[in-house]
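This report refers to the structure that appears directly beneath it.
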Amino acid sequence: MPNIPLRVNSLATEHPNNAQNSDKMPTFDAIFSHLSAVKSQNSHQIIALLPSHDTNWPAALITERLTQAGSKQHLQKQHLHLHLFAEHQATWLKTLAENESLSSPAKEQIKAIYDARVSGCHRLKLANARLIIDIHLGDPLSQLKDLVAPSLASQAIQGWLADTQATDEALIWQMARLSQDNAEFLLLENVDVNLDKTSDNANTNLLTQLIIKAGFTCYRLNLSPEDDQLVTLAEKPSLASQDIAMVERRALRRQQLDKFAFNPLTQGREGETAIIGGGVASANLALSLAERGKKVSFFCMDKAPGEQASGNKQGAIYPLLTPEHSSLSHYFLQGYLFSRQRIKQLLEAGHEIPHDFCGVLQTGHDERSHKRLTKIINAQPWAESIALPVNASQATALAGVSIEHQGLYYPLAGWVSPQAFTRAAIIQAERLGTQTSHYQCQVTAIRFESQQWYLRAVQGGQDGQEVEFGPFANLVLANGRHLTDFAQTARLPISGFRGQVSHIPARAPLKDLKTVLCAHGYLTPAHDKLHCTGASYVKDASNLDYSAVEQVENLDKIRTSYGGEWTKAVDITGHSARVGVRMVTRDHAPMMGCAPDFEAISATYLNHQQTKKSTKESAKYWQTTPASVHQGLFILGGLGSRGLTSGPLAAEILAAQLCGELLPATQDILALLNPNRMWMRKLIKGKAL
Ligand code: FAD
C-alpha cells in the first residue's frame, strides 16, 4: 500500500482559536480534529497512547481536559477515557508526572503509580470520572495481549496515537483487536531529534503500511515546533483490504474468547440495575455506576449503610504481598492504590472520612510468620513506596513504641473508617447518579422471569410488609455474609468468619503509637481516644454476640506479637467491641463477575464424564466451553479481611463489565476474581467437581 499524502494541514490554520499555542503545544481538539471517530463533540472519547519520548503534549492534554471538566458547563457531560501504555523501566511516566504543565491531582496520582512500579492496569478517575486514565504498566505487547476486547463495540478504542519508535507489527494487530472498526491511527514522527532522519522515514513508511493493513486510517503527525506540516492524511485502506483486516481482527478476538471461555465476562443488559448491599462493596459499585450515569436501585436490610462488616471504627488498609508476587499480590497492590485514590477523591468532594495514611508496620509473631515475612522481603525488589524492609530500631522509630523485630513497612498504607467510607461513597453516588435507595428492606428471594429480575423483600424492619420490586435488567448481589442466602448462589464456595474488634482506651505509652501495627492481628493508632485491635476469626459462628473470650484473645495477640512495656497499657476490660462477619474464599481473592449457574455446570459435568475423554481433551473442553451463568445476575463479595483494599477496585471492574467496557484488569486477574474459579480450576485439571 503506497503511502500517499493526500492532504497537508497546518493545525494553526485549521483551528484559529488554537493558533496561539498550536506552534508549541497542540491542544487535544487540534491533535484529534482529523479523526472522525474521535470528534471533539463526541460525549465519550476513548483514546490510547503509546508514547516513548515526549511528555509535553500528553501532560497538556490531561491538564486541558481537567480544566475543561472543572469549568465549562457544556463539557460536564463529556468523558475522555485515555489509555497510556508505558514500559516499566521507562522514565517516560516519571517525566510525565514531573511535567510542569501537568496539573494536580493527576500529577500526584501518576507519580504514585510510577513510584509503585506495579505492572498491569492502574485506573485513575479524575473530575468525577469525566477523565479516566488507565495506565498500563509493563511491556506494551504483553499488556495489550492481556486485555480482553470490550464486549460492546462502541466501548472499544476510537483512536491511537503512537510514536514510531514505540510501535511494531505485533503491537499494531493487538491495537486493532481492541479498536472500533472505524478507529484511526495517528503515527507520531521524528520525536527523537537524535534519530537518523532517512532511516526513520523508511521505518515510518513501513509502519504506515502495517497500520493500514490492520484496517486503520493512518495519519502521520509531526509535533516538532519548527515544522508547520503537522498532520498528513495517509491513504485509507481500500474496502477490500478493510474487509480482510476486520476478519483478521474478529479472528484475534475469537481466539482470545475461546481460550478464556471458562471465565465468562458477559456484559450487563440495557436497563436498570438492582444492587443488594450496604457495605464497602456495594457502595463503591453504586459510585462506579453513578459515574457512568447508570440507573440503580439499591436495597439494604439495615437502617443505614455500613452497619455490618463495613461498620468498624477503623480498618487497616494495606497490600497483601506474596513472595512469588502472584496475581493475588498484583491485584491487591492495584486495589490498594485504587482504594487510596477513591478515599482521597471522596475527601476532595467534601465528605468526612476519618482516616490516616500513617503507614502500616508488619512484623512476624511466630517462627513461621517471621520466615514468611523474610521470604516476602527477599523475594522481590519492592518499590520503596510500596514496601520497605526495616530493622527493629527503624521499626521502633516508625511506630513510636518499641518493636523487637525486623519487619516490612508500607509507607502509603494506614487506616480508614470503613463505615464513613461506605456512607461517603453512597452519598456521592446519590449526588452523581439516578439512584433510588431502599433501607430496612431485606431481600428474601430473587426470581428471573421473562428475562428480567424480580426481588421479594420485607420492607420496614422485622414486622414489615412483603413487597415485590422489579423488573430489573441486572441484579448484583453485594450483600456480604448473606451472599449465599439465595437459591442461585447457595453453592458458592465461600465461608463466613466472625470477627470481634476490641476498642482500647488511648493511654500512655500506648497512645504514642504512630503507625498501624500488624502481626497476629492489628492495632491502630488512637482515633477519638480509642485504639482498635483484633480481630478474632471464627468460622460459621452461631451468633454475633459480644465474646469475653475473644476479647482476651485479642489482648493475647498483642502480647504475643510484641514484648514492649507499652503492651501493658492495652486495656480490654471496658468490654467495648464490635462483631462482624467477613466472607472469605479459600484463595483469599474476592468474587467479582457473572454469577455461575452451578446446576447447569454440574449437569454439563455429569454429561461430559460419560463421554470418557482424556484429561488433556477434557481440560481443553472446560477451557474453551463457555461456562454457564445466570443471565443478568452478578456477584461482588468475598472481600475477606481486607475489603478496604480489595473492594473498590473489584467494584470498578464490575461496573466496567456491566457497561461492556474494556476492563481495567489483565486476564489473570479476571480469572482470579471469577466467582466460578474454584470449580473451573478443578475441571480444567481433570479433577472431580
Ligand atoms: P458488608 O459490609 O457486610 O455489607 C453487606 C450489606 O448487605 C449490609 O449492609 C447488609 O445490610 C446488606 N444485606 C445483606 N443481605 C441483604 C439482603 N438480603 N437484603 C438487603 N440487604 C442485605 N478489612 C480491611 O480492609 N481492613 C481491616 O482492618 C478489616 N478488619 C475487619 C475486622 C472485622 C472484625 C471484620 C468482620 C472485617 C474486617 N475487614 C477488614 C473486612 C471488611 O470489613 C469486609 O471485607 C468488608 O466490610 C465487606 O464489605 P461488604 O460490602 O462485602 O459486606
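Each chain of the C-alpha cells is named A, B, ... in the order shown, its residues numbered from 1; ligands are numbered from 1 in display order.
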Per residue of chain A within 6 Å of ligand 1, which atom pair is closest and at what distance in Å (one decimal), using only C-alpha atoms and all ligand atoms, listed by chain and increasing number, as a tab-separated table?
```
residue	atom	partner	partner_atom_place_in_ligand_line	distance
A:Ile276	CA	ligand 1	21 (N)	5.2
A:Gly277	CA	ligand 1	7 (O)	3.3
A:Gly278	CA	ligand 1	9 (O)	3.2
A:Gly279	CA	ligand 1	51 (O)	3.3
A:Val280	CA	ligand 1	51 (O)	4.1
A:Ala281	CA	ligand 1	51 (O)	3.8
A:Ser282	CA	ligand 1	51 (O)	5.5
A:Phe299	CA	ligand 1	20 (C)	5.1
A:Cys300	CA	ligand 1	21 (N)	3.5
A:Met301	CA	ligand 1	21 (N)	3.8
A:Asp302	CA	ligand 1	11 (O)	4.7
A:Pro305	CA	ligand 1	9 (O)	5.4
A:Gly306	CA	ligand 1	9 (O)	5.4
A:Glu307	CA	ligand 1	9 (O)	5.6
A:Gln308	CA	ligand 1	3 (O)	4.4
A:Ala309	CA	ligand 1	3 (O)	3.9
A:Ser310	CA	ligand 1	47 (O)	3.4
A:Gly315	CA	ligand 1	28 (O)	3.4
A:Ala316	CA	ligand 1	28 (O)	3.8
A:Ile317	CA	ligand 1	25 (O)	5.2
A:Cys441	CA	ligand 1	20 (C)	5.6
A:Gln442	CA	ligand 1	19 (N)	3.6
A:Val443	CA	ligand 1	19 (N)	3.8
A:Thr444	CA	ligand 1	18 (N)	5.6
A:Ala478	CA	ligand 1	52 (O)	5.9
A:Asn479	CA	ligand 1	7 (O)	3.4
A:Gly480	CA	ligand 1	53 (O)	3.5
A:Arg481	CA	ligand 1	3 (O)	5.8
A:His482	CA	ligand 1	15 (N)	4.6
A:Gly499	CA	ligand 1	34 (C)	3.7
A:Gln500	CA	ligand 1	34 (C)	4.7
A:Val501	CA	ligand 1	34 (C)	5.1
A:Ala535	CA	ligand 1	34 (C)	5.1
A:Val579	CA	ligand 1	34 (C)	5.8
A:Gly580	CA	ligand 1	36 (C)	3.9
A:Val581	CA	ligand 1	36 (C)	4.2
A:Arg582	CA	ligand 1	36 (C)	4.6
A:Gly637	CA	ligand 1	52 (O)	4.9
A:Leu639	CA	ligand 1	45 (O)	4.2
A:Gly640	CA	ligand 1	45 (O)	4.5
A:Ser641	CA	ligand 1	41 (C)	3.9
A:Arg642	CA	ligand 1	25 (O)	3.1
A:Gly643	CA	ligand 1	45 (O)	3.3
A:Leu644	CA	ligand 1	25 (O)	3.6
A:Thr645	CA	ligand 1	25 (O)	5.3
```
Limited to C-alpha atoms, could you put the picked residues into a file as a PDB file, in the first residue's frame?
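selection_22.pdb was written with the following content:
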```pdb
ATOM      1  CA  ILE A 276     -28.379  -5.675  47.179  1.00  0.00           C
ATOM      2  CA  GLY A 277     -25.881  -4.435  49.723  1.00  0.00           C
ATOM      3  CA  GLY A 278     -24.985  -1.566  52.005  1.00  0.00           C
ATOM      4  CA  GLY A 279     -21.274  -2.136  52.702  1.00  0.00           C
ATOM      5  CA  VAL A 280     -17.949  -1.147  51.143  1.00  0.00           C
ATOM      6  CA  ALA A 281     -18.521  -3.383  48.099  1.00  0.00           C
ATOM      7  CA  SER A 282     -21.970  -2.183  47.067  1.00  0.00           C
ATOM      8  CA  PHE A 299     -31.559  -2.388  48.653  1.00  0.00           C
ATOM      9  CA  CYS A 300     -30.155  -2.600  52.176  1.00  0.00           C
ATOM     10  CA  MET A 301     -31.652  -4.561  55.060  1.00  0.00           C
ATOM     11  CA  ASP A 302     -30.304  -2.127  57.694  1.00  0.00           C
ATOM     12  CA  PRO A 305     -25.215   1.855  55.100  1.00  0.00           C
ATOM     13  CA  GLY A 306     -22.142   0.389  56.800  1.00  0.00           C
ATOM     14  CA  GLU A 307     -23.886  -1.447  59.639  1.00  0.00           C
ATOM     15  CA  GLN A 308     -22.451  -4.926  59.080  1.00  0.00           C
ATOM     16  CA  ALA A 309     -18.852  -5.952  58.268  1.00  0.00           C
ATOM     17  CA  SER A 310     -18.178  -2.435  56.988  1.00  0.00           C
ATOM     18  CA  GLY A 315      -9.853  -0.735  59.407  1.00  0.00           C
ATOM     19  CA  ALA A 316      -6.295  -1.196  58.212  1.00  0.00           C
ATOM     20  CA  ILE A 317      -5.669  -0.551  54.542  1.00  0.00           C
ATOM     21  CA  CYS A 441     -35.566  -3.572  53.038  1.00  0.00           C
ATOM     22  CA  GLN A 442     -34.438  -7.171  53.336  1.00  0.00           C
ATOM     23  CA  VAL A 443     -34.488  -9.104  50.091  1.00  0.00           C
ATOM     24  CA  THR A 444     -35.692 -12.626  50.863  1.00  0.00           C
ATOM     25  CA  ALA A 478     -23.022  -7.416  47.039  1.00  0.00           C
ATOM     26  CA  ASN A 479     -24.576  -8.407  50.305  1.00  0.00           C
ATOM     27  CA  GLY A 480     -21.652  -9.580  52.415  1.00  0.00           C
ATOM     28  CA  ARG A 481     -22.343 -12.510  54.695  1.00  0.00           C
ATOM     29  CA  HIS A 482     -25.789 -13.084  53.151  1.00  0.00           C
ATOM     30  CA  GLY A 499     -14.590 -11.355  63.949  1.00  0.00           C
ATOM     31  CA  GLN A 500     -14.565  -9.221  67.070  1.00  0.00           C
ATOM     32  CA  VAL A 501     -12.631  -5.949  67.127  1.00  0.00           C
ATOM     33  CA  ALA A 535      -9.757  -9.422  65.186  1.00  0.00           C
ATOM     34  CA  VAL A 579     -18.604  -8.008  65.981  1.00  0.00           C
ATOM     35  CA  GLY A 580     -18.987  -8.629  62.261  1.00  0.00           C
ATOM     36  CA  VAL A 581     -18.638 -11.369  59.664  1.00  0.00           C
ATOM     37  CA  ARG A 582     -16.283 -11.300  56.716  1.00  0.00           C
ATOM     38  CA  GLY A 637     -18.358 -10.317  47.525  1.00  0.00           C
ATOM     39  CA  LEU A 639     -13.804  -9.353  50.259  1.00  0.00           C
ATOM     40  CA  GLY A 640     -12.306 -11.228  53.203  1.00  0.00           C
ATOM     41  CA  SER A 641     -10.288  -9.489  55.885  1.00  0.00           C
ATOM     42  CA  ARG A 642      -9.017  -6.768  53.543  1.00  0.00           C
ATOM     43  CA  GLY A 643     -12.165  -5.463  51.960  1.00  0.00           C
ATOM     44  CA  LEU A 644     -10.946  -1.881  52.123  1.00  0.00           C
ATOM     45  CA  THR A 645      -8.090  -2.825  49.843  1.00  0.00           C
TER      46      THR A 645
END
```
Quick one: distance from CA of Val148 in chain A to CA of Phe262 in chain A in Å, one decimal?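 Separation between CA of Val148 in chain A and CA of Phe262 in chain A: 13.6 Å.
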Do a neighbour search on Leu257 in chain A at 12 Å with only C-alpha atoms, toss out local chain neighbours closer than 5 positions, and write the hits as a PyMOL selection string. chain A and resi 146-151+177+250-252+262-266+623-627+667
Selection near Ala429 in chain A, 10 Å with only C-alpha atoms, sequence-local residues under 4 positions removed, as a list of chain:residue names: A:Ala283, A:Asn284, A:Leu285, A:Ala286, A:Leu287, A:Ser288, A:Leu289, A:Ala290, A:Glu291, A:Gly293, A:Val296, A:Arg423, A:Ala424, A:Ala425, A:Gly433, A:Thr434, A:Gln435
Residues just named, written with C-alpha atoms as an mmCIF file, in the first residue's frame:
```
data_model
loop_
_atom_site.group_PDB
_atom_site.id
_atom_site.type_symbol
_atom_site.label_atom_id
_atom_site.label_comp_id
_atom_site.auth_asym_id
_atom_site.auth_seq_id
_atom_site.Cartn_x
_atom_site.Cartn_y
_atom_site.Cartn_z
ATOM 1 C CA ALA A 283 -21.277 1.466 47.947
ATOM 2 C CA ASN A 284 -18.276 1.514 45.648
ATOM 3 C CA LEU A 285 -20.215 -0.249 42.910
ATOM 4 C CA ALA A 286 -23.041 2.271 43.210
ATOM 5 C CA LEU A 287 -20.468 5.054 42.889
ATOM 6 C CA SER A 288 -18.773 3.472 39.871
ATOM 7 C CA LEU A 289 -22.156 3.065 38.157
ATOM 8 C CA ALA A 290 -23.281 6.587 39.078
ATOM 9 C CA GLU A 291 -20.130 7.948 37.455
ATOM 10 C CA GLY A 293 -24.825 7.697 34.594
ATOM 11 C CA VAL A 296 -29.599 1.940 40.013
ATOM 12 C CA ARG A 423 -21.500 6.210 53.634
ATOM 13 C CA ALA A 424 -19.475 8.767 51.700
ATOM 14 C CA ALA A 425 -19.403 6.547 48.587
ATOM 15 C CA GLY A 433 -26.430 9.479 39.574
ATOM 16 C CA THR A 434 -30.005 8.382 39.477
ATOM 17 C CA GLN A 435 -30.095 6.027 42.427
#
```
At what distance in Å, to one decimal, does CA of Asp485 in chain A lie from CA of Leu455 in chain A?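 Going from CA of Leu455 in chain A over to CA of Asp485 in chain A, I get 13.2 Å.
Minimum atom-to-atom distances from A:Gly414, A:Gly311, A:Gly364, A:Gly563 to Val516 in chain A were compared using only C-alpha atoms, and the lowest value belongs to A:Gly414.
What separates CA of Thr560 in chain A from CA of Ala397 in chain A is a distance of 20.5 Å.
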DSSP-assigned strand (DSSP E or B) members of range 432-661 of chain A, reported as number ranges by chain: A: 434-438, 441-449, 452-459, 465-472, 474-477, 495-505, 516-519, 521-523, 527, 530-534, 538-539, 577-584, 591-596, 629-637
Give me the residues near Leu82 in chain A as a PDB file with N, CA and C atoms, in the first residue's frame, where near means some atom within 7 Å (using only C-alpha atoms) and where sequence neighbours in that chain fewer than 6 positions away do not count.
```
ATOM      1  N   ILE A  46     -12.589   7.664  23.531  1.00  0.00           N
ATOM      2  CA  ILE A  46     -11.717   6.607  24.075  1.00  0.00           C
ATOM      3  C   ILE A  46     -10.454   6.565  23.211  1.00  0.00           C
ATOM      4  N   ILE A  47      -9.375   7.001  23.804  1.00  0.00           N
ATOM      5  CA  ILE A  47      -8.148   7.178  23.037  1.00  0.00           C
ATOM      6  C   ILE A  47      -6.993   6.475  23.737  1.00  0.00           C
ATOM      7  N   ALA A  48      -6.110   5.885  22.947  1.00  0.00           N
ATOM      8  CA  ALA A  48      -4.970   5.210  23.563  1.00  0.00           C
ATOM      9  C   ALA A  48      -3.671   5.814  23.045  1.00  0.00           C
ATOM     10  N   ILE A 132     -10.836   9.642  32.653  1.00  0.00           N
ATOM     11  CA  ILE A 132     -10.306   8.384  33.195  1.00  0.00           C
ATOM     12  C   ILE A 132      -8.987   8.112  32.489  1.00  0.00           C
ATOM     13  N   ILE A 133      -7.969   7.820  33.284  1.00  0.00           N
ATOM     14  CA  ILE A 133      -6.689   7.453  32.667  1.00  0.00           C
ATOM     15  C   ILE A 133      -6.347   6.046  33.132  1.00  0.00           C
ATOM     16  N   ASP A 134      -6.226   5.138  32.179  1.00  0.00           N
ATOM     17  CA  ASP A 134      -5.751   3.793  32.509  1.00  0.00           C
ATOM     18  C   ASP A 134      -4.273   3.739  32.151  1.00  0.00           C
TER      19      ASP A 134
END
```
At a cut-off of 10 Å, using only C-alpha atoms, what residues contact Gly632 in chain A? Leave out same-chain residues fewer than 6 positions from it and give the result as a short mmCIF file (atom, residue, chain, number, x, y, z; two decimals) with N, CA, C and O atoms, in the first residue's frame.
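New file around.cif:
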```
data_model
loop_
_atom_site.label_atom_id
_atom_site.label_comp_id
_atom_site.auth_asym_id
_atom_site.auth_seq_id
_atom_site.Cartn_x
_atom_site.Cartn_y
_atom_site.Cartn_z
N THR A 266 -19.60 -11.67 30.59
CA THR A 266 -20.78 -11.13 29.91
C THR A 266 -21.13 -9.75 30.45
O THR A 266 -21.12 -9.53 31.66
N GLN A 267 -21.48 -8.87 29.54
CA GLN A 267 -21.84 -7.51 29.96
C GLN A 267 -23.25 -7.48 30.55
O GLN A 267 -24.02 -8.44 30.39
N GLY A 268 -23.59 -6.40 31.23
CA GLY A 268 -24.94 -6.24 31.74
C GLY A 268 -25.89 -5.94 30.60
O GLY A 268 -25.47 -5.61 29.49
N ARG A 269 -27.19 -6.11 30.86
CA ARG A 269 -28.17 -5.80 29.82
C ARG A 269 -28.64 -4.36 29.96
O ARG A 269 -28.53 -3.78 31.02
N GLU A 270 -29.16 -3.85 28.89
CA GLU A 270 -29.68 -2.47 28.87
C GLU A 270 -30.81 -2.36 29.88
O GLU A 270 -31.67 -3.23 29.94
N THR A 273 -30.32 -1.42 36.98
CA THR A 273 -29.59 -2.42 37.76
C THR A 273 -30.00 -2.33 39.23
O THR A 273 -30.06 -1.24 39.79
N PHE A 448 -35.98 -14.89 38.34
CA PHE A 448 -35.73 -14.48 36.95
C PHE A 448 -36.92 -14.90 36.11
O PHE A 448 -37.22 -16.10 36.04
N GLN A 451 -36.92 -12.88 31.26
CA GLN A 451 -35.64 -12.19 31.01
C GLN A 451 -35.38 -10.99 31.94
O GLN A 451 -34.54 -10.15 31.65
N GLN A 452 -36.10 -10.92 33.05
CA GLN A 452 -35.90 -9.81 34.00
C GLN A 452 -35.81 -10.36 35.42
O GLN A 452 -36.33 -11.44 35.70
N TRP A 453 -35.18 -9.58 36.29
CA TRP A 453 -35.06 -9.99 37.69
C TRP A 453 -36.10 -9.27 38.55
O TRP A 453 -36.36 -8.08 38.38
N PHE A 472 -35.88 -5.74 36.84
CA PHE A 472 -34.55 -5.17 36.68
C PHE A 472 -33.81 -5.96 35.60
O PHE A 472 -33.89 -7.19 35.56
N ALA A 473 -33.07 -5.23 34.79
CA ALA A 473 -32.30 -5.90 33.73
C ALA A 473 -31.14 -6.68 34.34
O ALA A 473 -30.79 -7.77 33.90
N ASN A 474 -30.54 -6.07 35.39
CA ASN A 474 -29.37 -6.70 36.02
C ASN A 474 -29.56 -6.67 37.53
O ASN A 474 -30.15 -5.73 38.07
N LEU A 475 -28.99 -7.67 38.17
CA LEU A 475 -29.06 -7.72 39.63
C LEU A 475 -27.67 -8.07 40.15
O LEU A 475 -27.05 -9.03 39.69
N VAL A 476 -27.17 -7.25 41.08
CA VAL A 476 -25.85 -7.52 41.67
C VAL A 476 -26.03 -7.87 43.14
O VAL A 476 -26.64 -7.10 43.89
N CYS A 594 -19.87 -12.55 36.70
CA CYS A 594 -21.14 -13.24 36.44
C CYS A 594 -21.39 -14.29 37.51
O CYS A 594 -20.47 -15.02 37.91
N ALA A 595 -22.65 -14.42 37.92
CA ALA A 595 -22.99 -15.46 38.90
C ALA A 595 -23.01 -16.80 38.18
O ALA A 595 -23.79 -17.00 37.25
N LEU A 658 -20.30 -4.51 33.50
CA LEU A 658 -21.73 -4.30 33.29
C LEU A 658 -21.96 -3.39 32.09
O LEU A 658 -22.95 -3.54 31.36
#
```
All helix (DSSP H, G or I) residues (DSSP, backbone) inside range 532-680 of chain A, as a ChimeraX atom specification: /A:548-561,565-569,598-609,615-624,640-658,667-673,677-680
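With distances restricted to only C-alpha atoms, A:Leu683 is the closest residue to Thr615 in chain A from A:Ser369, A:Leu683, A:Gly638, A:Thr204.
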Got a sec: who's within 7 Å of Thr515 in chain A, counting only C-alpha atoms, leaving out chain neighbours fewer than 4 positions off, as a PDB file with all heavy atoms, in the first residue's frame?
```pdb
ATOM      1  N   CYS A 358      -0.963   6.708  57.759  1.00  0.00           N
ATOM      2  CA  CYS A 358       0.202   6.864  58.646  1.00  0.00           C
ATOM      3  C   CYS A 358       1.180   5.709  58.488  1.00  0.00           C
ATOM      4  O   CYS A 358       2.132   5.598  59.243  1.00  0.00           O
ATOM      5  CB  CYS A 358      -0.298   6.923  60.084  1.00  0.00           C
ATOM      6  SG  CYS A 358      -1.377   5.515  60.473  1.00  0.00           S
ATOM      7  N   GLY A 359       0.945   4.827  57.519  1.00  0.00           N
ATOM      8  CA  GLY A 359       1.823   3.684  57.314  1.00  0.00           C
ATOM      9  C   GLY A 359       1.350   2.481  58.121  1.00  0.00           C
ATOM     10  O   GLY A 359       0.632   2.625  59.116  1.00  0.00           O
ATOM     11  N   VAL A 360       1.709   1.303  57.630  1.00  0.00           N
ATOM     12  CA  VAL A 360       1.425   0.058  58.368  1.00  0.00           C
ATOM     13  C   VAL A 360       2.749  -0.675  58.522  1.00  0.00           C
ATOM     14  O   VAL A 360       3.530  -0.780  57.571  1.00  0.00           O
ATOM     15  CB  VAL A 360       0.398  -0.824  57.601  1.00  0.00           C
ATOM     16  CG1 VAL A 360       0.313  -2.213  58.216  1.00  0.00           C
ATOM     17  CG2 VAL A 360      -0.982  -0.171  57.585  1.00  0.00           C
ATOM     18  N   LEU A 361       2.994  -1.154  59.733  1.00  0.00           N
ATOM     19  CA  LEU A 361       4.226  -1.898  60.013  1.00  0.00           C
ATOM     20  C   LEU A 361       3.865  -3.353  60.271  1.00  0.00           C
ATOM     21  O   LEU A 361       3.145  -3.655  61.223  1.00  0.00           O
ATOM     22  CB  LEU A 361       4.908  -1.299  61.248  1.00  0.00           C
ATOM     23  CG  LEU A 361       6.190  -1.992  61.679  1.00  0.00           C
ATOM     24  CD1 LEU A 361       7.305  -1.799  60.661  1.00  0.00           C
ATOM     25  CD2 LEU A 361       6.629  -1.459  63.042  1.00  0.00           C
ATOM     26  N   LEU A 398       9.566   4.261  63.645  1.00  0.00           N
ATOM     27  CA  LEU A 398       8.361   4.492  62.842  1.00  0.00           C
ATOM     28  C   LEU A 398       7.087   4.355  63.678  1.00  0.00           C
ATOM     29  O   LEU A 398       6.140   5.111  63.522  1.00  0.00           O
ATOM     30  CB  LEU A 398       8.300   3.474  61.686  1.00  0.00           C
ATOM     31  CG  LEU A 398       9.275   3.693  60.541  1.00  0.00           C
ATOM     32  CD1 LEU A 398       9.369   2.445  59.669  1.00  0.00           C
ATOM     33  CD2 LEU A 398       8.816   4.879  59.686  1.00  0.00           C
ATOM     34  N   ALA A 399       7.113   3.357  64.584  1.00  0.00           N
ATOM     35  CA  ALA A 399       5.889   3.047  65.330  1.00  0.00           C
ATOM     36  C   ALA A 399       5.665   3.996  66.508  1.00  0.00           C
ATOM     37  O   ALA A 399       4.534   4.213  66.923  1.00  0.00           O
ATOM     38  CB  ALA A 399       5.940   1.608  65.825  1.00  0.00           C
ATOM     39  N   THR A 524      -4.426  -0.194  65.862  1.00  0.00           N
ATOM     40  CA  THR A 524      -4.386   1.107  65.169  1.00  0.00           C
ATOM     41  C   THR A 524      -3.963   2.223  66.115  1.00  0.00           C
ATOM     42  O   THR A 524      -4.186   2.127  67.330  1.00  0.00           O
ATOM     43  CB  THR A 524      -5.790   1.457  64.631  1.00  0.00           C
ATOM     44  OG1 THR A 524      -6.699   1.473  65.738  1.00  0.00           O
ATOM     45  CG2 THR A 524      -6.253   0.473  63.601  1.00  0.00           C
ATOM     46  N   PRO A 525      -3.407   3.301  65.586  1.00  0.00           N
ATOM     47  CA  PRO A 525      -3.191   4.492  66.405  1.00  0.00           C
ATOM     48  C   PRO A 525      -4.553   5.024  66.871  1.00  0.00           C
ATOM     49  O   PRO A 525      -5.580   4.729  66.252  1.00  0.00           O
ATOM     50  CB  PRO A 525      -2.531   5.486  65.439  1.00  0.00           C
ATOM     51  CG  PRO A 525      -2.055   4.685  64.295  1.00  0.00           C
ATOM     52  CD  PRO A 525      -2.952   3.497  64.201  1.00  0.00           C
TER      53      PRO A 525
END
```
